[in-house]
$ cat query22.cif   # mmCIF, C-alpha atoms and all ligand atoms
data_run
loop_
_atom_site.label_atom_id
_atom_site.label_comp_id
_atom_site.auth_asym_id
_atom_site.auth_seq_id
_atom_site.Cartn_x
_atom_site.Cartn_y
_atom_site.Cartn_z
CA MET H 30 164.91 242.03 232.22
CA ASN H 31 161.64 241.28 230.44
CA ILE H 32 159.22 243.89 231.67
CA GLY H 33 155.49 244.20 230.99
CA ILE H 34 154.07 247.70 231.48
CA ILE H 35 150.31 248.08 231.89
CA CYS H 36 148.97 251.59 231.37
CA TYR H 37 146.15 253.72 230.05
CA ALA H 38 146.56 254.93 226.48
CA SER H 39 144.50 258.07 227.06
CA VAL H 40 146.02 261.48 227.60
CA GLY H 41 146.99 261.58 231.25
CA GLY H 42 150.04 261.72 233.44
CA SER H 43 150.13 258.03 234.37
CA GLY H 44 150.12 256.90 230.72
CA ILE H 45 152.81 259.43 229.83
CA VAL H 46 155.07 258.36 232.72
CA ALA H 47 154.54 254.66 231.92
CA THR H 48 155.34 255.21 228.22
CA GLU H 49 158.41 257.35 228.91
CA LEU H 50 159.61 254.75 231.40
CA GLY H 51 159.14 251.99 228.82
CA LYS H 52 161.16 253.94 226.25
CA ALA H 53 163.94 254.70 228.76
CA LEU H 54 164.13 251.06 229.93
CA ALA H 55 164.30 249.79 226.34
CA LYS H 56 167.14 252.24 225.65
CA ARG H 57 168.94 250.75 228.65
CA GLY H 58 168.76 247.26 227.13
CA HIS H 59 165.61 245.78 228.69
CA GLN H 60 162.86 244.08 226.67
CA VAL H 61 159.76 246.11 227.34
CA HIS H 62 156.19 245.08 226.50
CA VAL H 63 153.62 247.85 226.78
CA ILE H 64 150.12 246.47 227.31
CA SER H 65 147.23 248.86 226.71
CA THR H 66 143.96 249.29 224.81
CA GLU H 67 145.56 251.49 222.13
CA THR H 68 149.05 252.58 221.22
CA PRO H 69 149.70 254.95 224.10
CA PHE H 70 149.86 258.65 223.55
CA ARG H 71 153.59 259.47 223.21
CA LEU H 72 154.81 255.93 222.42
CA GLY H 73 156.27 257.48 219.27
CA GLU H 74 158.30 255.77 216.60
CA PHE H 75 159.61 252.22 216.53
CA GLN H 76 162.30 251.60 219.10
CA ALA H 77 164.32 248.41 219.50
CA GLY H 78 163.38 246.55 222.65
CA LEU H 79 159.95 248.13 222.92
CA SER H 80 156.79 246.39 221.73
CA PHE H 81 153.11 247.05 222.10
CA HIS H 82 150.35 244.52 222.87
CA GLN H 83 146.78 245.60 222.37
CA VAL H 84 144.02 244.65 224.79
CA LEU H 85 140.76 243.96 222.98
CA THR H 86 137.57 243.71 224.99
CA PRO H 87 134.94 241.98 222.84
CA THR H 88 131.33 242.87 223.43
CA TYR H 89 128.52 240.33 223.78
CA PRO H 90 124.81 241.17 223.91
CA LEU H 91 124.52 239.66 227.41
CA PHE H 92 127.12 242.07 228.81
CA ARG H 93 125.98 245.58 229.40
CA GLU H 94 129.41 246.28 230.93
CA PRO H 95 132.78 246.05 229.14
CA GLN H 96 134.88 243.28 230.73
CA TYR H 97 138.18 245.26 230.64
CA LEU H 98 139.69 243.74 233.78
CA LEU H 99 139.29 240.21 232.36
CA SER H 100 140.50 240.96 228.84
CA LEU H 101 143.45 242.93 230.20
CA SER H 102 144.45 240.20 232.68
CA ASN H 103 144.08 237.59 229.94
CA LYS H 104 146.40 239.60 227.66
CA VAL H 105 148.95 240.04 230.47
CA VAL H 106 148.93 236.26 231.05
CA GLN H 107 149.55 235.63 227.34
CA VAL H 108 152.37 238.17 227.14
CA ALA H 109 153.90 236.93 230.40
CA ARG H 110 153.96 233.32 229.13
CA GLU H 111 155.10 234.14 225.61
CA PHE H 112 157.90 236.50 226.60
CA SER H 113 158.81 235.11 230.04
CA LEU H 114 158.12 238.37 231.81
CA ASP H 115 160.14 238.92 234.98
CA VAL H 116 158.07 241.89 236.07
CA ILE H 117 154.58 243.23 235.44
CA HIS H 118 154.59 246.96 236.17
CA ALA H 119 151.04 248.25 236.69
CA HIS H 120 150.64 252.02 236.32
CA TYR H 121 147.50 253.33 238.05
CA ALA H 122 145.96 251.02 240.60
CA ILE H 123 142.46 250.79 239.07
CA PRO H 124 142.17 248.15 237.76
CA HIS H 125 145.80 247.61 236.72
CA ALA H 126 147.08 246.48 240.13
CA THR H 127 144.18 244.01 240.21
CA ALA H 128 145.05 242.81 236.70
CA GLY H 129 148.65 242.30 237.89
CA PHE H 130 147.43 240.28 240.87
CA LEU H 131 145.11 238.12 238.75
CA SER H 132 147.58 237.43 235.96
CA ARG H 133 150.38 236.59 238.40
CA ALA H 134 148.03 234.05 240.04
CA VAL H 135 147.11 232.51 236.68
CA VAL H 136 150.70 232.25 235.39
CA GLY H 137 151.90 230.93 238.77
CA ALA H 138 149.17 228.28 239.14
CA HIS H 139 150.41 224.73 239.84
CA GLY H 140 153.70 226.04 241.22
CA ARG H 141 154.89 227.57 237.94
CA LYS H 142 157.25 230.55 237.97
CA ALA H 143 155.29 233.79 237.75
CA PRO H 144 156.34 237.40 237.15
CA LYS H 145 156.50 239.81 240.07
CA VAL H 146 154.00 242.65 240.26
CA VAL H 147 155.15 246.24 240.80
CA THR H 148 152.36 248.81 241.16
CA THR H 149 152.88 252.54 240.74
CA LEU H 150 150.24 254.79 242.29
CA HIS H 151 149.69 258.00 240.35
CA GLY H 152 147.09 260.07 242.16
CA THR H 153 143.42 259.90 241.37
CA ASP H 154 143.65 256.08 241.60
CA ILE H 155 143.89 256.77 245.36
CA THR H 156 142.63 260.28 246.11
CA LEU H 157 139.53 260.70 243.96
CA VAL H 158 138.54 257.30 242.65
CA GLY H 159 140.38 254.58 244.60
CA SER H 160 139.17 255.68 248.01
CA ASP H 161 135.54 255.74 246.82
CA PRO H 162 133.69 253.01 248.76
CA SER H 163 132.68 251.46 245.42
CA TYR H 164 136.34 250.56 244.75
CA SER H 165 138.30 250.90 247.99
CA GLU H 166 138.34 247.25 249.19
CA ILE H 167 139.67 245.86 245.92
CA VAL H 168 142.13 248.71 245.41
CA ALA H 169 143.55 248.30 248.94
CA PHE H 170 143.76 244.52 248.55
CA SER H 171 145.50 244.76 245.16
CA ILE H 172 148.03 247.24 246.56
CA GLU H 173 148.73 244.97 249.55
CA GLN H 174 149.19 241.99 247.23
CA SER H 175 151.66 243.66 244.83
CA ASP H 176 155.28 242.58 245.29
CA ARG H 177 156.41 246.22 245.38
CA VAL H 178 154.46 249.46 245.42
CA THR H 179 155.72 252.90 244.48
CA ALA H 180 154.03 256.31 244.70
CA VAL H 181 154.97 259.39 242.73
CA SER H 182 155.21 261.65 245.80
CA ASN H 183 155.41 261.57 249.60
CA SER H 184 152.01 263.20 249.65
CA LEU H 185 150.44 260.37 247.64
CA ARG H 186 152.17 257.80 249.81
CA ALA H 187 150.64 259.43 252.92
CA SER H 188 147.18 259.61 251.28
CA THR H 189 147.36 255.90 250.45
CA TYR H 190 148.03 255.04 254.10
CA GLU H 191 145.36 257.45 255.37
CA GLN H 192 142.58 256.91 252.86
CA LEU H 193 142.92 253.19 252.16
CA GLY H 194 144.34 251.99 255.47
CA VAL H 195 147.12 250.20 253.56
CA LYS H 196 149.88 248.94 255.88
CA ARG H 197 152.62 247.77 253.51
CA GLU H 198 155.79 249.59 252.52
CA ILE H 199 155.41 252.12 249.71
CA GLU H 200 158.52 253.54 248.08
CA VAL H 201 158.46 257.07 246.65
CA ILE H 202 159.83 257.28 243.11
CA PRO H 203 159.08 260.72 241.67
CA ASN H 204 158.07 261.33 238.08
CA PHE H 205 160.79 262.24 235.62
CA LEU H 206 161.50 263.72 232.20
CA ASP H 207 163.96 263.12 229.42
CA CYS H 208 165.64 266.51 229.73
CA GLY H 209 167.26 266.08 226.32
CA ILE H 210 163.77 266.37 224.81
CA HIS H 211 162.09 268.57 227.39
CA ARG H 212 164.03 271.78 226.88
CA ARG H 213 163.14 275.20 225.55
CA GLN H 214 163.46 275.18 221.75
CA ASP H 215 163.76 277.85 219.13
CA VAL H 216 160.40 277.61 217.36
CA GLY H 217 160.72 280.55 214.99
CA ASP H 218 157.68 282.77 214.72
CA LEU H 219 155.20 280.37 216.38
CA ARG H 220 154.49 283.03 219.02
CA THR H 221 153.24 285.44 216.32
CA ARG H 222 150.63 282.87 215.26
CA PHE H 223 148.88 283.52 218.56
CA VAL H 224 149.67 287.12 219.51
CA GLY H 225 149.66 288.53 215.97
CA GLY H 226 150.91 292.11 215.92
CA ASP H 227 150.55 292.33 219.70
CA ARG H 228 154.32 291.92 220.07
CA ASP H 229 154.50 292.82 223.78
CA ALA H 230 151.81 290.32 224.75
CA ARG H 231 152.87 287.53 227.09
CA ILE H 232 151.71 283.93 226.62
CA VAL H 233 150.05 282.15 229.52
CA ILE H 234 149.48 278.40 229.09
CA HIS H 235 147.47 275.64 230.74
CA ILE H 236 147.84 271.97 229.77
CA SER H 237 145.62 269.27 231.23
CA ASN H 238 142.88 266.76 230.54
CA PHE H 239 140.26 269.35 231.53
CA ARG H 240 138.70 267.33 234.37
CA PRO H 241 136.88 269.15 237.23
CA VAL H 242 139.94 268.52 239.47
CA LYS H 243 141.97 270.92 237.24
CA ARG H 244 139.65 273.86 238.13
CA ILE H 245 139.39 275.37 234.68
CA ASP H 246 137.19 278.13 236.10
CA ALA H 247 140.16 279.21 238.23
CA VAL H 248 142.50 279.11 235.17
CA MET H 249 140.12 281.51 233.41
CA ALA H 250 139.64 283.73 236.47
CA VAL H 251 143.40 284.03 237.08
CA PHE H 252 144.10 284.74 233.41
CA ASP H 253 141.35 287.39 233.31
CA ARG H 254 142.95 289.19 236.27
CA ILE H 255 146.42 288.94 234.72
CA ARG H 256 145.45 290.29 231.31
CA LYS H 257 143.91 293.37 232.93
CA LYS H 258 147.42 294.30 234.13
CA VAL H 259 149.71 292.82 231.46
CA PRO H 260 148.82 292.26 227.78
CA ALA H 261 148.50 288.49 227.46
CA HIS H 262 147.03 285.58 225.51
CA LEU H 263 146.01 282.20 226.94
CA LEU H 264 146.80 278.84 225.30
CA LEU H 265 144.59 275.95 226.41
CA VAL H 266 146.12 272.60 225.50
CA GLY H 267 144.14 269.40 226.04
CA ASP H 268 140.56 268.26 225.96
CA GLY H 269 138.01 267.04 228.45
CA PRO H 270 134.64 267.73 230.04
CA GLU H 271 135.57 271.18 231.39
CA LEU H 272 136.73 272.66 228.09
CA GLY H 273 133.19 273.99 227.57
CA THR H 274 133.51 275.90 230.87
CA ALA H 275 136.59 277.62 229.44
CA TYR H 276 134.73 278.65 226.26
CA ARG H 277 131.70 279.86 228.23
CA MET H 278 133.81 281.91 230.64
CA ALA H 279 135.91 283.35 227.79
CA ARG H 280 132.71 284.63 226.18
CA GLN H 281 131.25 285.94 229.45
CA LEU H 282 134.48 287.73 230.37
CA GLY H 283 134.79 289.16 226.87
CA ILE H 284 138.23 287.61 226.36
CA ALA H 285 137.44 285.01 223.67
CA PRO H 286 139.88 286.59 221.13
CA LEU H 287 142.70 286.18 223.68
CA VAL H 288 141.99 282.49 224.33
CA HIS H 289 143.39 279.87 221.94
CA SER H 290 142.19 276.31 222.43
CA LEU H 291 144.41 273.74 220.71
CA GLY H 292 142.87 270.45 221.85
CA ALA H 293 145.01 267.46 222.85
CA GLN H 294 148.54 267.77 221.49
CA GLU H 295 151.19 265.08 221.49
CA GLU H 296 154.07 267.57 221.24
CA VAL H 297 153.89 270.11 224.02
CA VAL H 298 157.53 271.28 223.96
CA PRO H 299 157.07 273.74 221.03
CA LEU H 300 154.07 275.28 222.79
CA LEU H 301 155.87 275.50 226.13
CA SER H 302 158.79 277.06 224.28
CA ILE H 303 156.72 280.16 223.45
CA ALA H 304 155.04 280.37 226.87
CA ASP H 305 155.89 282.82 229.66
CA LEU H 306 153.73 281.44 232.46
CA PHE H 307 152.01 278.12 233.29
CA LEU H 308 148.85 278.03 235.44
CA LEU H 309 147.95 274.93 237.48
CA PRO H 310 145.30 275.87 240.07
CA SER H 311 144.17 272.23 240.61
CA ALA H 312 142.05 271.12 243.55
CA GLN H 313 144.30 268.08 243.94
CA GLU H 314 147.51 266.99 242.24
CA SER H 315 149.59 264.10 243.49
CA PHE H 316 152.63 265.32 241.55
CA GLY H 317 151.88 267.71 238.68
CA LEU H 318 153.78 266.27 235.71
CA ALA H 319 152.51 269.11 233.50
CA ALA H 320 154.20 271.60 235.84
CA LEU H 321 157.45 269.64 235.61
CA GLU H 322 157.29 269.77 231.80
CA ALA H 323 156.77 273.54 231.93
CA MET H 324 159.67 274.03 234.35
CA ALA H 325 161.98 271.99 232.10
CA CYS H 326 161.13 274.44 229.29
CA GLU H 327 161.92 277.45 231.49
CA VAL H 328 158.29 278.40 232.01
CA PRO H 329 157.59 279.58 235.59
CA VAL H 330 154.56 277.92 237.18
CA VAL H 331 151.90 279.42 239.44
CA ALA H 332 150.07 276.50 241.07
CA SER H 333 147.96 275.35 243.99
CA ARG H 334 149.70 274.38 247.18
CA VAL H 335 148.11 270.89 247.23
CA GLY H 336 149.19 267.25 247.26
CA GLY H 337 152.64 266.65 245.82
CA ILE H 338 153.06 270.02 244.08
CA PRO H 339 155.20 271.49 246.92
CA GLU H 340 157.60 268.54 246.39
CA VAL H 341 158.09 269.74 242.80
CA ILE H 342 157.93 273.55 243.14
CA GLU H 343 159.61 275.48 245.96
CA HIS H 344 157.45 278.56 246.61
CA GLY H 345 159.20 281.80 245.66
CA ILE H 346 162.23 279.94 244.30
CA SER H 347 161.27 277.68 241.40
CA GLY H 348 157.65 278.89 241.06
CA PHE H 349 154.78 280.24 243.14
CA LEU H 350 152.23 278.32 245.25
CA HIS H 351 148.96 279.52 246.71
CA ALA H 352 145.82 278.04 248.25
CA PRO H 353 143.65 276.66 245.42
CA GLU H 354 140.90 279.23 246.02
CA ALA H 355 143.35 282.19 246.19
CA VAL H 356 142.87 283.31 242.59
CA ASP H 357 143.77 286.93 243.42
CA GLU H 358 147.12 285.86 244.87
CA MET H 359 147.77 283.56 241.92
CA ALA H 360 147.07 286.43 239.54
CA GLU H 361 149.35 288.71 241.58
CA SER H 362 152.22 286.22 241.33
CA GLY H 363 151.55 285.86 237.60
CA VAL H 364 151.63 289.63 237.09
CA ARG H 365 154.86 289.92 239.11
CA LEU H 366 156.52 287.27 236.98
CA LEU H 367 155.31 288.75 233.70
CA SER H 368 156.25 292.31 234.52
CA ASP H 369 159.63 291.77 236.17
CA PRO H 370 162.06 290.24 233.63
CA LYS H 371 164.77 289.75 236.26
CA LEU H 372 162.44 287.77 238.54
CA HIS H 373 161.11 285.84 235.54
CA ARG H 374 164.62 284.87 234.41
CA ALA H 375 165.67 283.82 237.92
CA VAL H 376 162.57 281.65 238.55
CA ALA H 377 162.70 280.12 235.05
CA SER H 378 166.34 279.15 235.37
CA ARG H 379 165.99 277.78 238.93
CA ALA H 380 162.92 275.76 237.83
CA CYS H 381 164.80 274.31 234.88
CA ALA H 382 167.87 273.48 236.99
CA ARG H 383 165.65 271.79 239.58
CA VAL H 384 164.14 269.47 236.95
CA ARG H 385 167.58 268.59 235.58
CA ASN H 386 169.09 267.98 239.03
CA GLU H 387 166.21 266.18 240.74
CA PHE H 388 163.82 264.79 238.14
CA GLY H 389 165.92 263.77 235.13
CA ALA H 390 165.43 260.32 233.60
CA GLU H 391 169.05 259.38 234.38
CA THR H 392 168.35 259.91 238.11
CA ILE H 393 164.91 258.32 238.36
CA VAL H 394 164.92 255.40 235.86
CA PRO H 395 167.68 253.53 237.82
CA MET H 396 165.39 253.75 240.87
CA TYR H 397 162.80 251.69 238.97
CA GLU H 398 165.51 249.26 237.82
CA LYS H 399 166.61 248.76 241.45
CA CYS H 400 162.99 248.24 242.43
CA TYR H 401 162.58 245.50 239.76
CA GLU H 402 165.92 243.89 240.72
CA SER H 403 164.87 243.73 244.36
CA VAL H 404 161.66 241.81 243.56
CA VAL H 405 163.18 239.53 240.96
CA ALA H 406 166.00 238.60 243.34
O1 LIG U 1 145.74 264.40 236.28
C1 LIG U 1 144.97 263.53 235.86
O2 LIG U 1 143.75 263.63 235.89
C2 LIG U 1 145.55 262.27 235.24
C3 LIG U 1 146.25 261.45 236.25
C4 LIG U 1 146.71 260.15 235.63
O3 LIG U 1 146.93 259.23 236.39
O4 LIG U 1 146.84 259.98 234.44
O5 LIG U 1 147.34 262.21 236.79
C5 LIG U 1 147.90 261.83 238.00
O6 LIG U 1 149.15 261.21 237.70
C6 LIG U 1 150.16 262.08 237.17
C7 LIG U 1 151.40 261.23 236.84
O7 LIG U 1 151.93 260.61 237.95
C8 LIG U 1 150.47 263.19 238.18
O8 LIG U 1 151.47 264.03 237.67
C9 LIG U 1 149.17 263.99 238.43
O9 LIG U 1 149.45 264.95 239.43
C10 LIG U 1 148.07 263.06 238.90
N1 LIG U 1 146.81 263.81 238.95
C11 LIG U 1 146.18 264.07 240.10
O10 LIG U 1 146.60 263.73 241.19
C12 LIG U 1 144.92 264.86 239.96
#

$ encode --input "query22.cif" --output "structure tokens" --more "lines below"
Ligand code: GMT
Amino acid sequence: MNIGIICYASVGGSGIVATELGKALAKRGHQVHVISTETPFRLGEFQAGLSFHQVLTPTYPLFREPQYLLSLSNKVVQVAREFSLDVIHAHYAIPHATAGFLSRAVVGAHGRKAPKVVTTLHGTDITLVGSDPSYSEIVAFSIEQSDRVTAVSNSLRASTYEQLGVKREIEVIPNFLDCGIHRRQDVGDLRTRFVGGDRDARIVIHISNFRPVKRIDAVMAVFDRIRKKVPAHLLLVGDGPELGTAYRMARQLGIAPLVHSLGAQEEVVPLLSIADLFLLPSAQESFGLAALEAMACEVPVVASRVGGIPEVIEHGISGFLHAPEAVDEMAESGVRLLSDPKLHRAVASRACARVRNEFGAETIVPMYEKCYESVVA
């Protein structure tokens, strides 16, 4: 099939999933056209069957506002006509589902054949942003008008029905990983770079885009409690508005030398490969792709019991879940994992097996192919 994938290029779960899906589909023989403002984070090297089309949004003195929806839809129309797209797959509803709707209408004008629109809902496009009254009518309409809609978890599917009053069918297709790439690696003495001579120290890691929803204050509070019981260092991977909170708290708590901030990193596997514990105390998380990446690298996760996280992590089996505000309990679970090697090994190996059995690309990518086939037919 000829498939157009619309996604955000910025660091974020929806862009990563869209890019990984594009790569997997191209490997399976499809012609994939990724449409975004910049080469997406993680698109990687040239791959046959995978091409990138840049959306440029020119400015004009009259416009105070960038006209992204129009320039994006215009680009999708051009790509759809040039490459006879069968499917436009919009990742993240705002405004990508609307761009799918608009471009399908333009290509299909005067009875011409138009591509089908598949929209994948990722999380904040419904829960935090999409249900805001400033966007909700258009988001709901664009979801209703898509030919197929998928959500990354049952929880997100339920939120879409509840918060947007959408009536149509929504299929759940969970996020996935290429488990050939996402596996614990031997990375030599990388660990020493962070812990120095502190050989017994454990490495705790948090990876996110440092938005308020990630509750960076809770990451710092949980780590501070853990390091009082077990020698530990904290790796912060990613960038965003709350990174300053992490620095401020590290200074206030007197733990700055234990906190290593690495900024946004394309390659997280080497860092996960030296980690012993992943913290994800988010206020909301429709799936938790970062947790899945950690689990694949045998890093046990302590996370909030919110949104779709319980569909990824089984409490006490493949990780630990607590109420988002329960920082003491999160720290307790972290300390248990870091001080009991037998428990750590058992949770790490069950987490890794769960990703391979339930969330591997070879299981999930065919679900998207079936979804495309059903609309094209
Ligand atoms: O987490 C973010 O702020 C980014 C956001 C995105 O769309 O890029 O992530 C959402 O989509 C990911 C991929 O499906 C999910 O794994 C994340 O859980 C989800 N984030 C939230 O629901 C807060």

$ residues_near_ligand --input "query22.cif" --ligand "ligand LIG 1 (chain U)" --cutoff "6 Å" --atoms "all atoms listed in the file" --output "mmCIF file with C-alpha atoms, in the coordinates of the input"
data_model
loop_
_atom_site.group_PDB
_atom_site.id
_atom_site.type_symbol
_atom_site.label_atom_id
_atom_site.label_comp_id
_atom_site.auth_asym_id
_atom_site.auth_seq_id
_atom_site.Cartn_x
_atom_site.Cartn_y
_atom_site.Cartn_z
ATOM 1 C CA GLY H 41 146.990 261.580 231.250
ATOM 2 C CA GLY H 42 150.040 261.720 233.440
ATOM 3 C CA SER H 43 150.130 258.030 234.370
ATOM 4 C CA GLY H 44 150.120 256.900 230.720
ATOM 5 C CA HIS H 151 149.690 258.000 240.350
ATOM 6 C CA GLY H 152 147.090 260.070 242.160
ATOM 7 C CA THR H 153 143.420 259.900 241.370
ATOM 8 C CA VAL H 181 154.970 259.390 242.730
ATOM 9 C CA GLN H 313 144.300 268.080 243.940
ATOM 10 C CA GLU H 314 147.510 266.990 242.240
ATOM 11 C CA SER H 315 149.590 264.100 243.490
ATOM 12 C CA PHE H 316 152.630 265.320 241.550
ATOM 13 C CA GLY H 317 151.880 267.710 238.680
ATOM 14 C CA LEU H 318 153.780 266.270 235.710
#

$ residues_around --input "query22.cif" --residues "range 237-240 of chain H" --least-positions-apart "6" --cutoff "9 Å" --atoms "only C-alpha atoms" --output "ChimeraX atom specification"
/H:40-41,265-272,293,309,319

$ residues_near_point --input "query22.cif" --point "(149.8, 290.5, 238.1)" --cutoff "9 Å" --atoms "all atoms listed in the file" --output "list in words"
Arg254, Ile255, Arg256, Lys257, Lys258, Val259, Asp357, Glu358, Met359, Ala360, Glu361, Ser362, Gly363, Val364, Arg365, Leu366, Leu367 and Ser368 of chain H

$ write_last_selection --input "query22.cif" --atoms "C-alpha atoms" --output "short mmCIF file (atom, residue, chain, number, x, y, z; two decimals), in the coordinates of the input"
data_model
loop_
_atom_site.label_atom_id
_atom_site.label_comp_id
_atom_site.auth_asym_id
_atom_site.auth_seq_id
_atom_site.Cartn_x
_atom_site.Cartn_y
_atom_site.Cartn_z
CA ARG H 254 142.95 289.19 236.27
CA ILE H 255 146.42 288.94 234.72
CA ARG H 256 145.45 290.29 231.31
CA LYS H 257 143.91 293.37 232.93
CA LYS H 258 147.42 294.30 234.13
CA VAL H 259 149.71 292.82 231.46
CA ASP H 357 143.77 286.93 243.42
CA GLU H 358 147.12 285.86 244.87
CA MET H 359 147.77 283.56 241.92
CA ALA H 360 147.07 286.43 239.54
CA GLU H 361 149.35 288.71 241.58
CA SER H 362 152.22 286.22 241.33
CA GLY H 363 151.55 285.86 237.60
CA VAL H 364 151.63 289.63 237.09
CA ARG H 365 154.86 289.92 239.11
CA LEU H 366 156.52 287.27 236.98
CA LEU H 367 155.31 288.75 233.70
CA SER H 368 156.25 292.31 234.52
#

$ closest_atom_pairs --input "query22.cif" --of "range 190-268 of chain H" --to "range 155-178 of chain H" --cutoff "9 Å" --atoms "only C-alpha atoms" --output "Markdown table"
| residue | atom | partner | partner_atom | distance |
| --- | --- | --- | --- | --- |
| H:Gln192 | CA | H:Ser160 | CA | 6.1 |
| H:Leu193 | CA | H:Ala169 | CA | 5.9 |
| H:Gly194 | CA | H:Ala169 | CA | 7.5 |
| H:Val195 | CA | H:Ala169 | CA | 6.1 |
| H:Lys196 | CA | H:Glu173 | CA | 7.6 |
| H:Arg197 | CA | H:Glu173 | CA | 6.2 |
| H:Glu198 | CA | H:Val178 | CA | 7.2 |
| H:Ile199 | CA | H:Val178 | CA | 5.1 |
| H:Glu200 | CA | H:Val178 | CA | 6.3 |
| H:Val201 | CA | H:Val178 | CA | 8.7 |

$ residues_around --input "query22.cif" --residues "Pro203 in chain H" --least-positions-apart "4" --cutoff "10 Å" --atoms "only C-alpha atoms" --output "PyMOL selection string"
chain H and resi 151+179-183+316+318+337+340-341+387-389+392-394+396

$ atom_distance --input "query22.cif" --atom1 "CA of Tyr97 in chain H" --atom2 "CA of Gly33 in chain H"
17.3 Å

$ atom_distance --input "query22.cif" --atom1 "CA of Val298 in chain H" --atom2 "CA of Val330 in chain H"
15.1 Å

$ residues_around --input "query22.cif" --residues "range 278-291 of chain H" --least-positions-apart "3" --cutoff "8 Å" --atoms "all atoms listed in the file" --output "list in words"
Phe223, Asp246, Met249, Asp253, Ala261, His262, Leu263, Leu264, Leu265, Val266, Gly267, Thr274, Ala275 and Gln294 of chain H

$ residues_around --input "query22.cif" --residues "Gly129 in chain H" --least-positions-apart "6" --cutoff "9 Å" --atoms "only C-alpha atoms" --output "number ranges by chain"
H: 35, 102, 105, 117-119, 145-148, 171, 175

$ closest_residue --input "query22.cif" --among "H:Lys371, H:His125, H:Lys52, H:Arg57" --to "Leu79 in chain H" --atoms "all atoms listed in the file"
H:Lys52

$ closest_residue --input "query22.cif" --among "H:Ala312, H:Leu98, H:Ala320, H:Pro90" --to "Glu354 in chain H" --atoms "all atoms listed in the file"
H:Ala312

$ closest_residue --input "query22.cif" --among "H:Met324, H:Val116, H:Ala355, H:Ala109" --to "Glu402 in chain H" --atoms "all atoms listed in the file"
H:Val116

$ atom_distance --input "query22.cif" --atom1 "CA of Ile245 in chain H" --atom2 "CA of Ala380 in chain H"
23.7 Å

$ residues_around --input "query22.cif" --residues "range 68-74 of chain H" --least-positions-apart "5" --cutoff "7 Å" --atoms "only C-alpha atoms" --output "PyMOL selection string"
chain H and resi 38-40+44-45+48+81+295

$ write_last_selection --input "query22.cif" --atoms "C-alpha atoms" --output "CSV table (one decimal), in the coordinates of the input"
chain,number,residue,atom,x,y,z
H,38,ALA,CA,146.6,254.9,226.5
H,39,SER,CA,144.5,258.1,227.1
H,40,VAL,CA,146.0,261.5,227.6
H,44,GLY,CA,150.1,256.9,230.7
H,45,ILE,CA,152.8,259.4,229.8
H,48,THR,CA,155.3,255.2,228.2
H,81,PHE,CA,153.1,247.0,222.1
H,295,GLU,CA,151.2,265.1,221.5

$ closest_residue --input "query22.cif" --among "H:Pro329, H:Gly336, H:Gly226, H:Gly345" --to "His373 in chain H" --atoms "all atoms listed in the file"
H:Pro329

$ closest_residue --input "query22.cif" --among "H:Leu372, H:Asp154, H:Leu50, H:Val405" --to "Leu114 in chain H" --atoms "all atoms listed in the file"
H:Val405

$ build_atoms --input "query22.cif" --residues "range 49-56 of chain H" --atoms "N, CA, C and O atoms" --output "PDB file, in the coordinates of the input"
ATOM      1  N   GLU H  49     157.039 256.818 228.873  1.00  0.00           N
ATOM      2  CA  GLU H  49     158.410 257.350 228.910  1.00  0.00           C
ATOM      3  C   GLU H  49     159.328 256.365 229.635  1.00  0.00           C
ATOM      4  O   GLU H  49     160.488 256.190 229.260  1.00  0.00           O
ATOM      5  N   LEU H  50     158.807 255.733 230.672  1.00  0.00           N
ATOM      6  CA  LEU H  50     159.610 254.750 231.400  1.00  0.00           C
ATOM      7  C   LEU H  50     159.931 253.564 230.488  1.00  0.00           C
ATOM      8  O   LEU H  50     161.077 253.094 230.431  1.00  0.00           O
ATOM      9  N   GLY H  51     158.922 253.107 229.748  1.00  0.00           N
ATOM     10  CA  GLY H  51     159.140 251.990 228.820  1.00  0.00           C
ATOM     11  C   GLY H  51     160.231 252.332 227.815  1.00  0.00           C
ATOM     12  O   GLY H  51     161.130 251.517 227.557  1.00  0.00           O
ATOM     13  N   LYS H  52     160.171 253.527 227.261  1.00  0.00           N
ATOM     14  CA  LYS H  52     161.160 253.940 226.250  1.00  0.00           C
ATOM     15  C   LYS H  52     162.564 253.999 226.881  1.00  0.00           C
ATOM     16  O   LYS H  52     163.542 253.538 226.298  1.00  0.00           O
ATOM     17  N   ALA H  53     162.633 254.564 228.090  1.00  0.00           N
ATOM     18  CA  ALA H  53     163.940 254.700 228.760  1.00  0.00           C
ATOM     19  C   ALA H  53     164.510 253.320 229.113  1.00  0.00           C
ATOM     20  O   ALA H  53     165.718 253.078 228.947  1.00  0.00           O
ATOM     21  N   LEU H  54     163.646 252.405 229.555  1.00  0.00           N
ATOM     22  CA  LEU H  54     164.130 251.060 229.930  1.00  0.00           C
ATOM     23  C   LEU H  54     164.619 250.307 228.696  1.00  0.00           C
ATOM     24  O   LEU H  54     165.637 249.605 228.746  1.00  0.00           O
ATOM     25  N   ALA H  55     163.890 250.471 227.571  1.00  0.00           N
ATOM     26  CA  ALA H  55     164.300 249.790 226.340  1.00  0.00           C
ATOM     27  C   ALA H  55     165.664 250.324 225.881  1.00  0.00           C
ATOM     28  O   ALA H  55     166.534 249.558 225.457  1.00  0.00           O
ATOM     29  N   LYS H  56     165.853 251.633 226.021  1.00  0.00           N
ATOM     30  CA  LYS H  56     167.140 252.240 225.650  1.00  0.00           C
ATOM     31  C   LYS H  56     168.266 251.677 226.500  1.00  0.00           C
ATOM     32  O   LYS H  56     169.416 251.610 226.077  1.00  0.00           O
TER      33      LYS H  56
END
